file entry05.cif (mmCIF, C-alpha atoms)
data_run
#
loop_
_atom_site.label_atom_id
_atom_site.label_comp_id
_atom_site.auth_asym_id
_atom_site.auth_seq_id
_atom_site.Cartn_x
_atom_site.Cartn_y
_atom_site.Cartn_z
CA MET A 984 106.07 78.55 62.72
CA ILE A 985 106.13 81.11 65.46
CA ARG A 986 102.98 82.79 64.25
CA LYS A 987 101.00 79.55 64.08
CA THR A 988 101.94 78.67 67.64
CA TRP A 989 101.00 82.15 68.74
CA ILE A 990 97.58 82.13 67.17
CA GLY A 991 96.72 78.63 68.30
CA ALA A 992 97.63 79.28 71.90
CA THR A 993 95.87 82.61 72.12
CA ALA A 994 92.68 81.37 70.58
CA ALA A 995 92.44 78.82 73.37
CA VAL A 996 93.24 81.43 75.96
CA ALA A 997 90.69 83.87 74.57
CA LEU A 998 88.04 81.19 74.88
CA THR A 999 89.06 80.50 78.45
CA LEU A 1000 89.04 84.18 79.30
CA THR A 1001 85.41 84.44 78.33
CA LEU A 1002 84.64 81.78 80.93
CA SER A 1003 86.56 83.26 83.80
CA ALA A 1004 88.01 86.66 84.47
CA CYS A 1005 89.65 85.41 87.64
CA GLY A 1006 90.69 81.90 88.52
CA GLY A 1007 90.09 83.69 91.21
CA GLY A 1008 112.02 89.88 98.81
CA GLY A 1009 114.75 88.94 98.46
CA LEU A 1010 116.22 85.49 98.52
CA ALA A 1011 115.07 85.27 102.08
CA ALA A 1012 111.70 86.88 101.52
CA GLY A 1013 109.30 85.94 104.23
CA GLY A 1014 107.68 89.05 105.63
CA GLY A 1015 105.15 91.25 104.01
CA GLY A 1016 101.41 90.95 104.34
CA ASP A 1017 98.86 93.63 105.04
CA GLY A 1018 97.25 92.53 108.29
CA GLY A 1019 94.32 90.86 106.57
CA LYS A 1020 92.00 93.85 106.71
CA GLY A 1021 90.53 96.24 104.16
CA ASP A 1022 91.12 96.23 100.45
CA ILE A 1023 94.12 94.39 99.04
CA ARG A 1024 96.17 97.09 97.35
CA LEU A 1025 98.05 96.37 94.12
CA GLY A 1026 100.67 98.92 93.08
CA MET A 1027 101.47 99.96 89.53
CA ALA A 1028 104.35 102.18 88.45
CA ALA A 1029 103.84 103.08 84.78
CA PRO A 1030 104.71 105.98 82.45
CA LEU A 1031 101.90 108.53 82.73
CA SER A 1032 104.16 111.37 81.61
CA GLY A 1033 107.28 111.70 79.51
CA SER A 1034 108.14 110.25 76.10
CA SER A 1035 106.32 106.93 76.77
CA ALA A 1036 103.22 108.51 78.32
CA ALA A 1037 100.96 106.91 75.72
CA ILE A 1038 101.56 103.49 77.28
CA GLY A 1039 100.66 104.26 80.90
CA PRO A 1040 96.89 104.61 80.43
CA TYR A 1041 96.79 101.36 78.44
CA MET A 1042 98.43 99.57 81.37
CA LYS A 1043 96.45 101.29 84.10
CA ASN A 1044 93.12 100.64 82.37
CA GLY A 1045 93.97 97.02 81.68
CA ALA A 1046 94.77 96.47 85.35
CA GLN A 1047 91.65 98.31 86.47
CA LEU A 1048 89.45 96.20 84.16
CA ALA A 1049 90.71 93.02 85.81
CA ILE A 1050 90.20 94.49 89.27
CA ASP A 1051 86.65 95.52 88.44
CA GLU A 1052 85.84 92.04 87.14
CA ILE A 1053 87.38 90.32 90.15
CA ASN A 1054 85.63 92.61 92.61
CA ALA A 1055 82.32 92.04 90.84
CA SER A 1056 82.87 88.32 91.38
CA GLY A 1057 83.40 88.73 95.11
CA GLY A 1058 87.04 89.80 95.31
CA VAL A 1059 89.87 87.68 96.70
CA LEU A 1060 89.77 86.04 100.12
CA GLY A 1061 86.54 87.94 100.67
CA ARG A 1062 88.29 91.30 100.17
CA LYS A 1063 88.18 93.82 97.34
CA LEU A 1064 91.20 94.66 95.23
CA GLU A 1065 92.33 98.27 94.81
CA LEU A 1066 94.75 99.66 92.22
CA VAL A 1067 97.25 102.28 93.35
CA ALA A 1068 99.02 103.81 90.34
CA GLU A 1069 102.07 106.08 90.32
CA ASP A 1070 103.83 107.78 87.43
CA ASP A 1071 107.36 106.54 86.77
CA ALA A 1072 107.78 108.69 83.61
CA CYS A 1073 109.97 105.91 82.22
CA ASP A 1074 112.77 107.53 84.23
CA PRO A 1075 114.92 105.60 86.76
CA ARG A 1076 114.92 108.30 89.43
CA THR A 1077 111.18 109.01 89.13
CA ALA A 1078 110.47 105.28 89.14
CA ALA A 1079 112.42 104.78 92.36
CA SER A 1080 110.36 107.53 93.99
CA ALA A 1081 107.16 105.95 92.68
CA ALA A 1082 108.13 102.55 94.07
CA ALA A 1083 108.96 104.02 97.46
CA LYS A 1084 105.59 105.75 97.51
CA LEU A 1085 103.78 102.53 96.61
CA VAL A 1086 105.54 100.74 99.47
CA THR A 1087 104.50 103.52 101.83
CA GLU A 1088 100.93 103.15 100.62
CA GLY A 1089 100.98 99.50 101.65
CA VAL A 1090 100.70 97.64 98.37
CA THR A 1091 100.68 93.86 98.66
CA VAL A 1092 101.87 93.11 95.11
CA SER A 1093 103.42 95.32 92.42
CA VAL A 1094 101.86 94.83 88.98
CA GLY A 1095 103.73 97.61 87.16
CA GLY A 1096 106.90 98.11 85.14
CA TYR A 1097 107.17 99.22 81.50
CA CYS A 1098 110.64 100.64 80.76
CA SER A 1099 113.30 98.19 81.89
CA SER A 1100 115.77 100.95 82.75
CA ALA A 1101 113.17 102.57 85.00
CA THR A 1102 112.03 99.28 86.51
CA LEU A 1103 115.55 98.14 87.45
CA PRO A 1104 116.03 100.57 90.36
CA THR A 1105 112.63 99.62 91.79
CA LEU A 1106 113.65 95.99 92.27
CA SER A 1107 115.69 96.58 95.40
CA ILE A 1108 112.99 98.86 96.86
CA PHE A 1109 110.21 96.29 96.50
CA ASN A 1110 112.61 93.51 97.50
CA LYS A 1111 113.59 95.22 100.73
CA ALA A 1112 109.90 95.84 101.48
CA ASP A 1113 108.97 92.19 100.76
CA VAL A 1114 106.60 93.10 97.92
CA PRO A 1115 106.23 90.49 95.15
CA MET A 1116 106.57 91.99 91.66
CA ILE A 1117 104.65 90.71 88.64
CA ILE A 1118 106.16 92.86 85.86
CA PRO A 1119 103.77 93.05 82.89
CA ALA A 1120 105.85 94.84 80.22
CA ALA A 1121 109.53 95.46 81.02
CA ASN A 1122 111.48 92.49 79.73
CA SER A 1123 115.24 93.04 79.83
CA ASN A 1124 117.08 89.97 81.04
CA ASP A 1125 118.85 92.37 83.43
CA LEU A 1126 115.66 92.31 85.53
CA VAL A 1127 116.23 88.71 86.55
CA LYS A 1128 120.03 88.77 86.57
CA SER A 1129 120.16 89.26 90.35
CA LYS A 1130 117.85 86.29 90.91
CA LEU A 1131 115.61 88.16 93.33
CA SER A 1132 112.94 85.75 94.51
CA ASN A 1133 110.17 88.39 94.48
CA VAL A 1134 110.59 89.29 90.76
CA PHE A 1135 108.44 87.61 88.07
CA LEU A 1136 108.28 88.66 84.39
CA LEU A 1137 104.92 88.37 82.63
CA ASN A 1138 106.33 89.51 79.30
CA GLY A 1139 108.71 87.49 77.17
CA THR A 1140 112.37 88.24 77.83
CA GLY A 1141 114.82 90.10 75.65
CA ALA A 1142 116.40 86.78 74.78
CA GLN A 1143 113.06 85.40 73.61
CA GLN A 1144 112.31 88.53 71.59
CA ALA A 1145 115.77 88.42 69.98
CA GLN A 1146 115.17 84.80 68.98
CA ALA A 1147 111.85 85.77 67.36
CA ALA A 1148 113.65 88.51 65.43
CA VAL A 1149 116.39 86.15 64.27
CA ASP A 1150 113.89 83.51 63.16
CA PHE A 1151 112.02 86.08 61.08
CA ILE A 1152 115.15 87.65 59.57
CA LYS A 1153 116.39 84.20 58.54
CA SER A 1154 113.06 83.34 56.95
CA SER A 1155 112.90 86.70 55.13
CA GLY A 1156 115.93 85.86 53.03
CA SER A 1157 117.78 89.01 54.10
CA LYS A 1158 121.55 88.89 53.87
CA ALA A 1159 122.83 92.15 55.39
CA VAL A 1160 121.39 93.40 58.70
CA ALA A 1161 121.91 96.67 60.54
CA LEU A 1162 121.01 96.83 64.23
CA ALA A 1163 120.15 100.04 66.08
CA ASP A 1164 119.39 100.62 69.76
CA ASP A 1165 118.98 103.53 72.16
CA ASN A 1166 121.53 102.35 74.73
CA THR A 1167 118.89 101.58 77.39
CA SER A 1168 118.96 98.25 79.22
CA TYR A 1169 115.88 96.99 77.35
CA SER A 1170 117.00 98.07 73.90
CA LYS A 1171 120.68 97.16 74.22
CA ASP A 1172 119.78 93.74 75.59
CA ILE A 1173 117.67 92.85 72.54
CA SER A 1174 120.06 94.27 69.94
CA THR A 1175 123.10 92.61 71.48
CA ARG A 1176 121.39 89.23 71.73
CA THR A 1177 120.06 89.55 68.17
CA GLY A 1178 123.57 90.30 66.92
CA GLU A 1179 125.01 87.33 68.78
CA LYS A 1180 122.37 84.98 67.46
CA LEU A 1181 122.60 86.29 63.88
CA GLY A 1182 126.37 85.99 64.05
CA ALA A 1183 125.92 82.26 64.25
CA VAL A 1184 123.82 82.23 61.07
CA GLY A 1185 126.17 81.77 58.13
CA SER A 1186 123.82 83.23 55.55
CA VAL A 1187 123.28 86.57 57.36
CA LYS A 1188 125.91 89.25 57.99
CA ILE A 1189 125.72 92.07 60.57
CA VAL A 1190 126.93 95.07 58.58
CA ASP A 1191 126.35 97.80 61.18
CA HIS A 1192 125.32 98.25 64.82
CA GLU A 1193 124.36 101.78 65.89
CA SER A 1194 123.59 103.02 69.41
CA VAL A 1195 121.86 106.40 69.51
CA THR A 1196 120.98 108.72 72.37
CA ALA A 1197 117.30 108.77 73.26
CA GLY A 1198 115.56 112.13 73.21
CA GLU A 1199 117.44 113.68 70.30
CA SER A 1200 115.73 114.91 67.15
CA ASP A 1201 118.48 114.31 64.60
CA TYR A 1202 119.78 110.81 63.92
CA SER A 1203 121.44 111.67 60.63
CA ALA A 1204 124.85 110.36 61.77
CA ALA A 1205 123.36 106.92 62.48
CA VAL A 1206 121.33 107.05 59.28
CA THR A 1207 124.43 107.86 57.21
CA SER A 1208 126.38 105.03 58.81
CA ILE A 1209 123.55 102.57 58.18
CA LEU A 1210 123.19 103.61 54.53
CA ASN A 1211 126.94 103.31 53.97
CA ALA A 1212 126.81 99.74 55.29
CA LYS A 1213 124.18 98.86 52.63
CA PRO A 1214 121.85 96.65 54.71
CA ASP A 1215 118.72 95.08 53.30
CA PHE A 1216 117.19 94.81 56.80
CA VAL A 1217 117.25 97.26 59.73
CA TYR A 1218 116.12 96.18 63.24
CA TRP A 1219 115.45 99.01 65.71
CA THR A 1220 115.08 97.87 69.34
CA GLY A 1221 114.33 101.16 71.14
CA TYR A 1222 111.13 103.04 71.91
CA TYR A 1223 108.55 104.52 69.53
CA GLN A 1224 109.53 108.18 69.78
CA GLU A 1225 113.05 107.62 68.48
CA GLY A 1226 111.92 104.71 66.30
CA GLY A 1227 109.50 106.93 64.42
CA LEU A 1228 112.19 109.54 63.82
CA LEU A 1229 114.73 106.96 62.69
CA ILE A 1230 112.29 105.45 60.19
CA LYS A 1231 111.38 108.90 58.87
CA GLN A 1232 115.02 109.86 58.43
CA LEU A 1233 116.02 106.51 56.90
CA ARG A 1234 113.29 106.76 54.28
CA ALA A 1235 114.09 110.41 53.59
CA ALA A 1236 117.72 109.41 53.00
CA GLY A 1237 116.67 106.82 50.44
CA TYR A 1238 116.67 103.54 52.37
CA THR A 1239 114.18 101.16 50.73
CA GLY A 1240 114.91 97.88 52.51
CA LYS A 1241 112.97 96.14 55.29
CA ILE A 1242 112.64 97.75 58.70
CA MET A 1243 111.57 95.95 61.86
CA VAL A 1244 111.07 97.40 65.35
CA ALA A 1245 110.92 95.80 68.78
CA ASP A 1246 107.89 95.90 71.08
CA GLY A 1247 108.83 99.25 72.67
CA SER A 1248 108.02 100.90 69.34
CA VAL A 1249 104.67 99.19 68.83
CA ASP A 1250 102.41 102.19 69.29
CA GLU A 1251 100.39 104.12 66.75
CA GLN A 1252 102.37 107.22 67.67
CA MET A 1253 105.39 105.63 65.99
CA ILE A 1254 103.40 105.60 62.75
CA SER A 1255 102.43 109.22 63.25
CA ILE A 1256 106.00 110.31 63.97
CA ALA A 1257 107.47 108.34 61.05
CA GLY A 1258 104.70 109.46 58.71
CA ALA A 1259 102.09 107.00 57.54
CA ALA A 1260 103.68 106.50 54.12
CA ASN A 1261 107.11 105.84 55.60
CA ALA A 1262 105.74 103.42 58.17
CA GLN A 1263 103.75 101.20 55.81
CA GLY A 1264 105.13 97.67 55.87
CA VAL A 1265 107.34 98.23 58.92
CA LEU A 1266 107.48 94.97 60.84
CA ALA A 1267 107.55 94.45 64.61
CA THR A 1268 108.44 91.76 67.11
CA MET A 1269 105.60 91.85 69.62
CA THR A 1270 103.50 89.82 71.98
CA GLN A 1271 99.77 90.00 71.61
CA THR A 1272 97.92 93.26 71.31
CA PRO A 1273 94.17 93.01 71.95
CA GLN A 1274 93.45 93.69 68.30
CA THR A 1275 95.47 90.66 67.14
CA ILE A 1276 93.88 88.11 69.46
CA ALA A 1277 91.59 85.59 67.86
CA GLY A 1278 88.30 85.74 69.74
CA GLY A 1279 89.31 88.86 71.66
CA GLU A 1280 86.40 90.99 70.50
CA LYS A 1281 84.45 90.68 73.76
CA TRP A 1282 87.44 91.72 75.83
CA ILE A 1283 88.00 94.76 73.60
CA ALA A 1284 84.30 95.66 73.87
CA ASP A 1285 84.42 95.41 77.67
CA TYR A 1286 87.51 97.62 77.77
CA LYS A 1287 85.98 100.23 75.48
CA ALA A 1288 82.74 100.24 77.46
CA ALA A 1289 84.66 100.83 80.69
CA PHE A 1290 87.12 103.49 79.53
CA LYS A 1291 85.60 104.99 76.35
CA ALA A 1292 88.88 104.31 74.58
CA ASP A 1293 90.59 101.56 72.66
CA PRO A 1294 93.02 99.23 74.46
CA GLY A 1295 96.63 99.31 73.37
CA PRO A 1296 100.03 97.73 73.94
CA TYR A 1297 100.34 96.13 77.37
CA SER A 1298 96.67 96.50 78.25
CA THR A 1299 96.36 92.72 78.17
CA GLN A 1300 99.60 92.05 80.04
CA SER A 1301 98.55 94.46 82.79
CA TYR A 1302 95.12 92.83 82.93
CA ASP A 1303 96.85 89.48 83.26
CA ALA A 1304 99.27 90.75 85.92
CA VAL A 1305 96.32 91.56 88.18
CA ARG A 1306 94.66 88.22 87.47
CA VAL A 1307 97.88 86.34 88.22
CA ALA A 1308 98.34 88.29 91.46
CA ALA A 1309 94.76 87.46 92.47
CA GLU A 1310 95.25 83.80 91.59
CA ALA A 1311 98.42 83.60 93.69
CA ILE A 1312 96.81 85.31 96.69
CA LYS A 1313 93.80 83.01 96.41
CA ASN A 1314 95.93 79.87 96.13
CA ALA A 1315 98.17 81.02 98.99
CA ASN A 1316 95.10 81.88 101.09
CA SER A 1317 97.32 84.65 102.38
CA THR A 1318 98.64 88.11 101.60
CA LYS A 1319 102.03 87.31 103.13
CA SER A 1320 104.86 87.90 100.68
CA SER A 1321 106.56 84.52 101.02
CA ASP A 1322 103.23 82.71 100.63
CA ILE A 1323 102.38 84.67 97.45
CA ILE A 1324 105.83 84.03 95.97
CA ALA A 1325 105.51 80.31 96.67
CA ALA A 1326 102.08 80.31 95.02
CA LEU A 1327 103.42 82.13 91.96
CA GLU A 1328 106.17 79.56 91.58
CA LYS A 1329 103.57 76.76 91.66
CA ILE A 1330 101.22 78.23 89.03
CA ASP A 1331 100.98 75.82 86.11
CA GLY A 1332 98.55 76.25 83.24
CA PHE A 1333 96.75 79.40 84.37
CA PRO A 1334 95.36 80.99 81.17
CA ILE A 1335 96.79 84.36 80.21
CA PHE A 1336 96.76 86.10 76.84
CA SER A 1337 100.18 84.76 75.79
CA GLY A 1338 99.27 81.16 76.60
CA LYS A 1339 99.18 78.95 79.69
CA LEU A 1340 101.28 80.41 82.45
CA LYS A 1341 104.17 78.55 84.00
CA PHE A 1342 107.22 80.39 85.29
CA THR A 1343 110.72 79.05 84.74
CA PRO A 1344 113.06 78.67 87.74
CA GLU A 1345 114.34 82.15 86.78
CA HIS A 1346 110.76 83.52 87.09
CA THR A 1347 110.46 84.24 83.36
CA LEU A 1348 107.82 82.85 81.01
CA SER A 1349 108.49 79.35 79.78
CA GLU A 1350 107.39 80.62 76.33
CA GLY A 1351 107.87 84.23 75.18
CA GLY A 1352 104.81 84.44 72.95
CA PHE A 1353 106.41 86.79 70.43
CA GLY A 1354 105.06 87.01 66.90
CA ILE A 1355 105.46 89.40 63.98
CA LEU A 1356 103.20 92.38 63.33
CA VAL A 1357 103.22 94.75 60.37
CA VAL A 1358 102.05 98.33 59.93
CA GLN A 1359 98.93 98.49 57.77
CA GLY A 1360 97.33 101.90 57.47
CA ASN A 1361 97.42 103.58 60.86
CA THR A 1362 97.73 100.47 62.99
CA PHE A 1363 99.63 97.23 63.55
CA ALA A 1364 98.21 93.95 62.22
CA LEU A 1365 99.37 90.36 62.20
CA ASN A 1366 101.97 89.74 59.51
CA LYS A 1367 100.58 87.06 57.21
#

call {"tool": "encode", "arguments": {"input": "entry05.cif", "output": "structure tokens"}}
result
Amino acid sequence: MIRKTWIGATAAVALTLTLSACGGGGLAAGGGGDGGKGDIRLGMAAPLSGSSAAIGPYMKNGAQLAIDEINASGGVLGRKLELVAEDDACDPRTAASAAAKLVTEGVTVSVGGYCSSATLPTLSIFNKADVPMIIPAANSNDLVKSKLSNVFLLNGTGAQQAQAAVDFIKSSGSKAVALADDNTSYSKDISTRTGEKLGAVGSVKIVDHESVTAGESDYSAAVTSILNAKPDFVYWTGYYQEGGLLIKQLRAAGYTGKIMVADGSVDEQMISIAGAANAQGVLATMTQTPQTIAGGEKWIADYKAAFKADPGPYSTQSYDAVRVAAEAIKNANSTKSSDIIAALEKIDGFPIFSGKLKFTPEHTLSEGGFGILVVQGNTFALNK
């Protein structure tokens, strides 16, 4: 049921996207603005180095594609958009420095954020500087826990992803589930919520829940514990580097049951690290990738023509983050922070890749847009 909704909504959005590339701080946020002169600068903190470095270029290029299209159509409020990107290395301390630098460089809206644990410390920095944040990838519910008025999530939340996982596990007929996370805010949030939701399902038992340390090369202790618990389904909610290793070591130890990963592991490098044979049939909870979008061929062709590379995870969300920022600035007829935030809260039906955008009162998506992918060959495809 989830997959049908996903495909139907995105087909409509893809059609709309071909018609138009641009429809154009704190609880007391009211300042901000850039003086109304020069280019409107959009800031993006993304991992351009470190263990998640593969994702940063996907995000940066997606954002730049939207900016190029919008500028070619005349810009926003008669001004050009400019992307200012900084490396957050998926590291909290580096991300805080990147956010501070973006504020210093005068960005009007932040359109970055991949790792939740790295994005969390940037919230207070952008909040204090009255910079609205449209976060395209990071999705821990911790990001909206403080109810900061300048924070908007353009990716489905951890709660929504956990529900998608639970729905699939129930439908798969699995009876014994092992959960594994990497102890980061993003990963722990999804695994904990999945465990809570599965606990309420009488036909499914949680037989193990492992939390590993990211960055290690040997997860044999976790693998042994999982095998001893005899699951028929393993759900890994961390990132692709560790996910690939865990899959490789589980298969080497003789585990033959189903494996599913969360969206932080949806990258072809996970397949490479796990080994293509080990990764075949691995499932994933994920929002749309460009390759799974019905009618998305033109968008992919435009991306490849611009960057001589294929788009990847979070290219579309980053593209949409820029478009949503432009739409809010246009509707607000202002670059003042409080005006942009008010415009974001009023958006209703604006077409993005995951469907028609409307934020909840908590500034999350009204619908998460998660579906199920599966590894086929050296890539991820829709699970049919």

call {"tool": "residues_around", "arguments": {"input": "entry05.cif", "residues": "Met1027 of chain A", "least_positions_apart": "3", "cutoff": "7 Å", "atoms": "all atoms listed in the file", "output": "number ranges by chain"}}
result
A: 1067-1069, 1093-1095

call {"tool": "resolve_selection", "arguments": {"input": "entry05.cif", "expression": "the PyMOL selection byres ((chain A and resi 1235) around 12)", "output": "PyMOL selection string"}}
result
chain A and resi 1202-1203+1206-1207+1210+1228-1234+1236-1239+1257-1258+1260-1262

call {"tool": "atom_distance", "arguments": {"input": "entry05.cif", "atom1": "atom CA of Ala1101 of chain A", "atom2": "atom CA of Thr1087 of chain A"}}
result
19.0 Å

call {"tool": "closest_atom_pairs", "arguments": {"input": "entry05.cif", "of": "segment 1086-1161 of chain A", "to": "segment 1165-1173 of chain A", "cutoff": "9 Å", "atoms": "all atoms listed in the file", "output": "Markdown table"}}
result
| residue | atom | partner | partner_atom | distance |
| --- | --- | --- | --- | --- |
| A:Cys1098 | CA | A:Tyr1169 | CA | 7.2 |
| A:Ser1099 | CA | A:Tyr1169 | CA | 5.4 |
| A:Ser1100 | CA | A:Ser1168 | CA | 5.5 |
| A:Leu1103 | CA | A:Ser1168 | CA | 8.9 |
| A:Ala1121 | CA | A:Tyr1169 | CA | 7.5 |
| A:Asn1122 | CA | A:Tyr1169 | CA | 6.7 |
| A:Ser1123 | CA | A:Tyr1169 | CA | 4.7 |
| A:Asn1124 | CA | A:Asp1172 | CA | 7.2 |
| A:Asp1125 | CA | A:Ser1168 | CA | 7.2 |
| A:Thr1140 | CA | A:Ile1173 | CA | 8.8 |
| A:Gly1141 | CA | A:Ile1173 | CA | 5.0 |
| A:Ala1142 | CA | A:Ile1173 | CA | 6.6 |
| A:Gln1143 | CA | A:Ile1173 | CA | 8.8 |
| A:Gln1144 | CA | A:Ile1173 | CA | 6.9 |
| A:Ala1145 | CA | A:Ile1173 | CA | 5.5 |

call {"tool": "residues_around", "arguments": {"input": "entry05.cif", "residues": "segment 1321-1329 of chain A", "least_positions_apart": "5", "cutoff": "12 Å", "atoms": "all atoms listed in the file", "output": "PyMOL selection string"}}
result
chain A and resi 1008-1016+1091-1093+1110+1112-1117+1131-1137+1304+1306-1316+1340-1348

call {"tool": "closest_residue", "arguments": {"input": "entry05.cif", "among": "A:Asp1215, A:Val1357, A:Glu1350, A:Leu1048", "to": "Ala1245 of chain A", "atoms": "all atoms listed in the file"}}
result
A:Val1357

call {"tool": "atom_distance", "arguments": {"input": "entry05.cif", "atom1": "atom CA of Val1187 of chain A", "atom2": "atom CA of Lys1158 of chain A"}}
result
4.5 Å

call {"tool": "atom_distance", "arguments": {"input": "entry05.cif", "atom1": "atom CA of Gly1221 of chain A", "atom2": "atom CA of Asp1074 of chain A"}}
result
14.6 Å
